[in-house]
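Engineer: Dropping the structure in here first, questions after.
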Amino acid sequence: LGEDELGFEKISYLLLLGEMPTSEQEAEFSKHIGDLRCLPQNFTRDVIMKAPTADIMNSITRSILTLASYDKQALDTSVDNVLRQCIQLIAEFPLLAIYAYHAYNYSELQESMIIHRPDPNLSTAENLLMMLRPDKKYTKTEAKVLDTALILHMEHGGGNNSTFTTHVVSSSGTDTYAAIAAGIGSLKGPKHGGANHKVAEMIDAFKENCADITDENQVADYIRKIMKKEGGDRTGLVYGIGHAVYTLSDPRATILRAKAAEFSKNTEFEDEMKLLTLIEEITPELFNSVTGKSKPLCANVDLYSGLIYKMLRIPEDLYTPLFATARMAGWCAHRIEELFT
């Protein structure tokens, strides 16, 4: 991708159709996504604003299943129809996430209700920022950073929990809406997509228990407490560290680390970036010394994604829904693979 290019739509095309689009194909696909970026009449009022909840992922799941009622071909599992459904859900998902947050923000947090209509001429990242913010304003840099985070979360093979779930459910011959709802249910778990939210909670714990979060000795002492289940959420897990596949490095984390370092420079988030760097550097050795095990560990994508979202002024309640927004394209690609190969 070019330095200023927003590529979520291009990579969605690649995942769904198996090849990079030409300039003409990309333009046509992006326009199609933009045209589909709307919900059925009164859906926001009748579905999303009814029974709002702090659990945005559950709200999205309900919306996905309800959308099946508006699809006259909901149960048709032919390749053309499944592809149509997948593209439409990729287009609609940002609205389901942002509107669910605003409904919760209004109903439960007593804030103002803000519902911006999407702009069909904007990318997914731009629409997310525009619809989220009361003034609709965002910078090109912010859109690029969010677009990068979305791309890095789009797909990660068939072995991760939510994608495997999508494969298994799709193998039964069920409809697209049910398969995607199952994937969402898997992703929300704190050991999967919910880990970025858990990282944010862990960072707050470091701030409460370390006088200086940039001091290596203080950080190391608290990591030991976390591992001994005396700190953090008492699970013994250092969130953002470790991966089922990656041991030396997670390439997604490497990219996000660089983006986070650049984005946080000369801002109020510099110390937090330093803390995350220390956690990445010293946790593997501490794990071996505390547990007596010899296991290679590296940072995973969740360690830095939360800070990226925080710097973009995205509420924590939307961290995992944004992961799901990105992963929709990957789930859809795997559903198509399961059904037709």
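Letters for chains follow the order of the structure tokens (A, B, ...), residue numbers begin at 1 for each chain, and ligand numbers begin at 1 in the order shown.
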List every residue of region 184-253 of chain A that DSSP, applied to the backbone of this structure, places in alpha helix (DSSP H), and write the result as a PyMOL selection string.

Structural biologist: chain A and resi 184-187+195-209+216-227+251-253

Engineer: Go ahead and save the residues from that selection, with N, CA, C and O atoms, as a CSV table (one decimal), in the first residue's frame.

Structural biologist:
```
chain,number,residue,atom,x,y,z
A,184,ILE,N,-18.5,-14.1,16.1
A,184,ILE,CA,-18.5,-13.0,17.0
A,184,ILE,C,-18.5,-13.5,18.5
A,184,ILE,O,-17.8,-12.9,19.3
A,185,GLY,N,-19.3,-14.5,18.8
A,185,GLY,CA,-19.3,-15.0,20.1
A,185,GLY,C,-18.0,-15.5,20.6
A,185,GLY,O,-17.6,-15.4,21.8
A,186,SER,N,-17.3,-16.1,19.7
A,186,SER,CA,-15.9,-16.6,20.0
A,186,SER,C,-14.9,-15.5,20.2
A,186,SER,O,-14.2,-15.5,21.2
A,187,LEU,N,-15.0,-14.5,19.3
A,187,LEU,CA,-14.0,-13.4,19.4
A,187,LEU,C,-14.1,-12.6,20.6
A,187,LEU,O,-13.1,-12.1,21.1
A,195,ALA,N,-8.9,-9.6,24.3
A,195,ALA,CA,-7.6,-9.4,25.0
A,195,ALA,C,-7.1,-8.0,24.9
A,195,ALA,O,-6.4,-7.5,25.8
A,196,ASN,N,-7.5,-7.2,23.9
A,196,ASN,CA,-7.1,-5.8,23.8
A,196,ASN,C,-7.7,-5.0,24.9
A,196,ASN,O,-7.1,-4.1,25.4
A,197,HIS,N,-8.9,-5.3,25.2
A,197,HIS,CA,-9.6,-4.7,26.3
A,197,HIS,C,-8.9,-5.0,27.7
A,197,HIS,O,-8.7,-4.2,28.6
A,198,LYS,N,-8.5,-6.3,27.8
A,198,LYS,CA,-7.8,-6.7,29.0
A,198,LYS,C,-6.5,-6.1,29.1
A,198,LYS,O,-6.0,-5.8,30.3
A,199,VAL,N,-5.8,-5.8,28.0
A,199,VAL,CA,-4.5,-5.1,28.1
A,199,VAL,C,-4.7,-3.7,28.7
A,199,VAL,O,-4.0,-3.2,29.5
A,200,ALA,N,-5.8,-3.0,28.2
A,200,ALA,CA,-6.1,-1.7,28.7
A,200,ALA,C,-6.4,-1.7,30.2
A,200,ALA,O,-5.9,-0.8,31.0
A,201,GLU,N,-7.1,-2.7,30.7
A,201,GLU,CA,-7.3,-2.9,32.2
A,201,GLU,C,-6.0,-3.1,32.9
A,201,GLU,O,-5.8,-2.6,34.0
A,202,MET,N,-5.1,-3.9,32.3
A,202,MET,CA,-3.8,-4.2,32.9
A,202,MET,C,-3.0,-3.0,33.0
A,202,MET,O,-2.3,-2.8,34.0
A,203,ILE,N,-3.0,-2.1,32.0
A,203,ILE,CA,-2.2,-0.9,32.0
A,203,ILE,C,-2.7,0.0,33.2
A,203,ILE,O,-1.9,0.6,33.8
A,204,ASP,N,-4.0,0.1,33.4
A,204,ASP,CA,-4.5,0.8,34.5
A,204,ASP,C,-4.0,0.3,35.8
A,204,ASP,O,-3.7,1.1,36.7
A,205,ALA,N,-3.9,-1.0,35.9
A,205,ALA,CA,-3.4,-1.6,37.1
A,205,ALA,C,-1.9,-1.3,37.3
A,205,ALA,O,-1.5,-1.0,38.5
A,206,PHE,N,-1.1,-1.2,36.3
A,206,PHE,CA,0.3,-0.8,36.4
A,206,PHE,C,0.3,0.7,36.9
A,206,PHE,O,1.1,1.0,37.8
A,207,LYS,N,-0.5,1.5,36.4
A,207,LYS,CA,-0.5,2.9,36.8
A,207,LYS,C,-0.9,3.1,38.3
A,207,LYS,O,-0.4,3.9,39.0
A,208,GLU,N,-1.8,2.2,38.8
A,208,GLU,CA,-2.2,2.3,40.1
A,208,GLU,C,-1.2,1.7,41.1
A,208,GLU,O,-1.1,2.1,42.3
A,209,ASN,N,-0.3,0.8,40.6
A,209,ASN,CA,0.6,0.1,41.5
A,209,ASN,C,2.1,0.5,41.3
A,209,ASN,O,2.9,0.0,42.1
A,216,GLU,N,12.0,0.4,35.0
A,216,GLU,CA,12.1,-1.0,34.7
A,216,GLU,C,11.9,-1.9,35.9
A,216,GLU,O,11.3,-2.9,35.9
A,217,ASN,N,12.5,-1.5,37.0
A,217,ASN,CA,12.5,-2.3,38.3
A,217,ASN,C,11.0,-2.4,38.8
A,217,ASN,O,10.6,-3.4,39.2
A,218,GLN,N,10.4,-1.2,38.8
A,218,GLN,CA,9.0,-1.2,39.3
A,218,GLN,C,8.1,-2.0,38.4
A,218,GLN,O,7.2,-2.8,38.9
A,219,VAL,N,8.3,-1.9,37.1
A,219,VAL,CA,7.4,-2.6,36.2
A,219,VAL,C,7.7,-4.1,36.3
A,219,VAL,O,6.8,-4.9,36.3
A,220,ALA,N,9.0,-4.5,36.5
A,220,ALA,CA,9.3,-5.9,36.6
A,220,ALA,C,8.7,-6.5,37.9
A,220,ALA,O,8.2,-7.6,37.9
A,221,ASP,N,8.7,-5.7,39.0
A,221,ASP,CA,8.2,-6.2,40.2
A,221,ASP,C,6.7,-6.5,40.1
A,221,ASP,O,6.1,-7.5,40.6
A,222,TYR,N,6.0,-5.6,39.4
A,222,TYR,CA,4.5,-5.8,39.2
A,222,TYR,C,4.2,-6.9,38.2
A,222,TYR,O,3.2,-7.6,38.4
A,223,ILE,N,5.0,-7.1,37.2
A,223,ILE,CA,4.8,-8.3,36.3
A,223,ILE,C,5.0,-9.6,37.1
A,223,ILE,O,4.2,-10.5,36.9
A,224,ARG,N,5.9,-9.6,38.0
A,224,ARG,CA,6.1,-10.8,38.9
A,224,ARG,C,4.8,-11.1,39.7
A,224,ARG,O,4.3,-12.2,39.8
A,225,LYS,N,4.2,-10.0,40.2
A,225,LYS,CA,3.0,-10.1,41.0
A,225,LYS,C,1.8,-10.6,40.1
A,225,LYS,O,1.0,-11.5,40.6
A,226,ILE,N,1.8,-10.1,38.9
A,226,ILE,CA,0.7,-10.6,38.0
A,226,ILE,C,0.9,-12.1,37.7
A,226,ILE,O,-0.1,-12.9,37.8
A,227,MET,N,2.1,-12.5,37.5
A,227,MET,CA,2.4,-13.9,37.2
A,227,MET,C,2.1,-14.8,38.4
A,227,MET,O,1.7,-16.0,38.2
A,251,PRO,N,4.5,-10.5,13.6
A,251,PRO,CA,4.7,-9.4,12.7
A,251,PRO,C,3.7,-8.3,12.8
A,251,PRO,O,4.0,-7.1,12.5
A,252,ARG,N,2.5,-8.6,13.2
A,252,ARG,CA,1.4,-7.6,13.4
A,252,ARG,C,1.8,-6.7,14.5
A,252,ARG,O,1.6,-5.4,14.4
A,253,ALA,N,2.3,-7.2,15.6
A,253,ALA,CA,2.7,-6.4,16.8
A,253,ALA,C,3.9,-5.5,16.4
A,253,ALA,O,4.0,-4.4,16.8
```

Engineer: What's around region 66-77 of chain A at 9 Å? Count only C-alpha atoms, leave out sequence neighbours fewer than 4 positions away in its own chain, and write the answer as a PyMOL selection string.

Structural biologist: chain A and resi 39-40+43+47+61-62+81-82+85+173-178+339

Engineer: Kindly indicate which residue among A:Glu337, A:Glu111, A:Glu270, A:Asp80 lies nearest to Thr163 (chain A), using only C-alpha atoms for the distances.

Structural biologist: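 Between A:Glu337, A:Glu111, A:Glu270, A:Asp80, the residue approaching Thr163 (chain A) most closely is A:Glu337.
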
Engineer: Go through A:Leu322, A:Ala260, A:Ile56, A:Leu297 and flag the residue nearest Ala244 (chain A), using only C-alpha atoms for the distances.

Structural biologist: A:Leu297

Engineer: Skipping near chain neighbours, those fewer than 2 positions away, what residues fall within 8 Å of Val301 (chain A) using only C-alpha atoms, listed as a PyMOL selection string?

Structural biologist: chain A and resi 240+250+252-253+256+299+303-305

Engineer: Could you please determine the separation between CA of Asn121 (chain A) and CA of Lys31 (chain A) in Å, to one decimal place?

Structural biologist: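 Going from CA of Asn121 (chain A) over to CA of Lys31 (chain A), I get 7.3 Å.
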
Engineer: Have a look at A:Asp55, A:Glu9, A:Glu126, A:Asp46 and name the one nearest to Ile33 (chain A); count only C-alpha atoms.

Structural biologist: A:Glu9

Engineer: Tell me which protein, DNA and RNA residues are within 10 Å of Met131 (chain A), counting only C-alpha atoms, leaving out same-chain ones fewer than 5 positions away, and put them as an MDAnalysis selection string.

Structural biologist: chainID A and resid 94:95 98:99 102 114:119 126 136:137

Engineer: Would you save the residues of that selection, restricted to C-alpha atoms, as a PDB file, in the first residue's frame?

Structural biologist:
```
ATOM      1  CA  PRO A  94     -19.202  -0.550  11.171  1.00  0.00           C
ATOM      2  CA  LEU A  95     -22.708   0.867  11.590  1.00  0.00           C
ATOM      3  CA  ILE A  98     -20.800   2.443  16.268  1.00  0.00           C
ATOM      4  CA  TYR A  99     -24.569   2.762  16.576  1.00  0.00           C
ATOM      5  CA  HIS A 102     -24.035   5.397  20.821  1.00  0.00           C
ATOM      6  CA  ILE A 114     -25.396  10.984  18.168  1.00  0.00           C
ATOM      7  CA  ILE A 115     -26.181   9.040  15.017  1.00  0.00           C
ATOM      8  CA  HIS A 116     -24.287  10.156  11.929  1.00  0.00           C
ATOM      9  CA  ARG A 117     -25.158   8.624   8.595  1.00  0.00           C
ATOM     10  CA  PRO A 118     -22.186   7.013   6.823  1.00  0.00           C
ATOM     11  CA  ASP A 119     -20.640   8.683   3.805  1.00  0.00           C
ATOM     12  CA  GLU A 126     -12.818   7.161   7.777  1.00  0.00           C
ATOM     13  CA  LYS A 136     -17.278  14.175  12.502  1.00  0.00           C
ATOM     14  CA  LYS A 137     -13.682  15.425  12.281  1.00  0.00           C
TER      15      LYS A 137
END
```
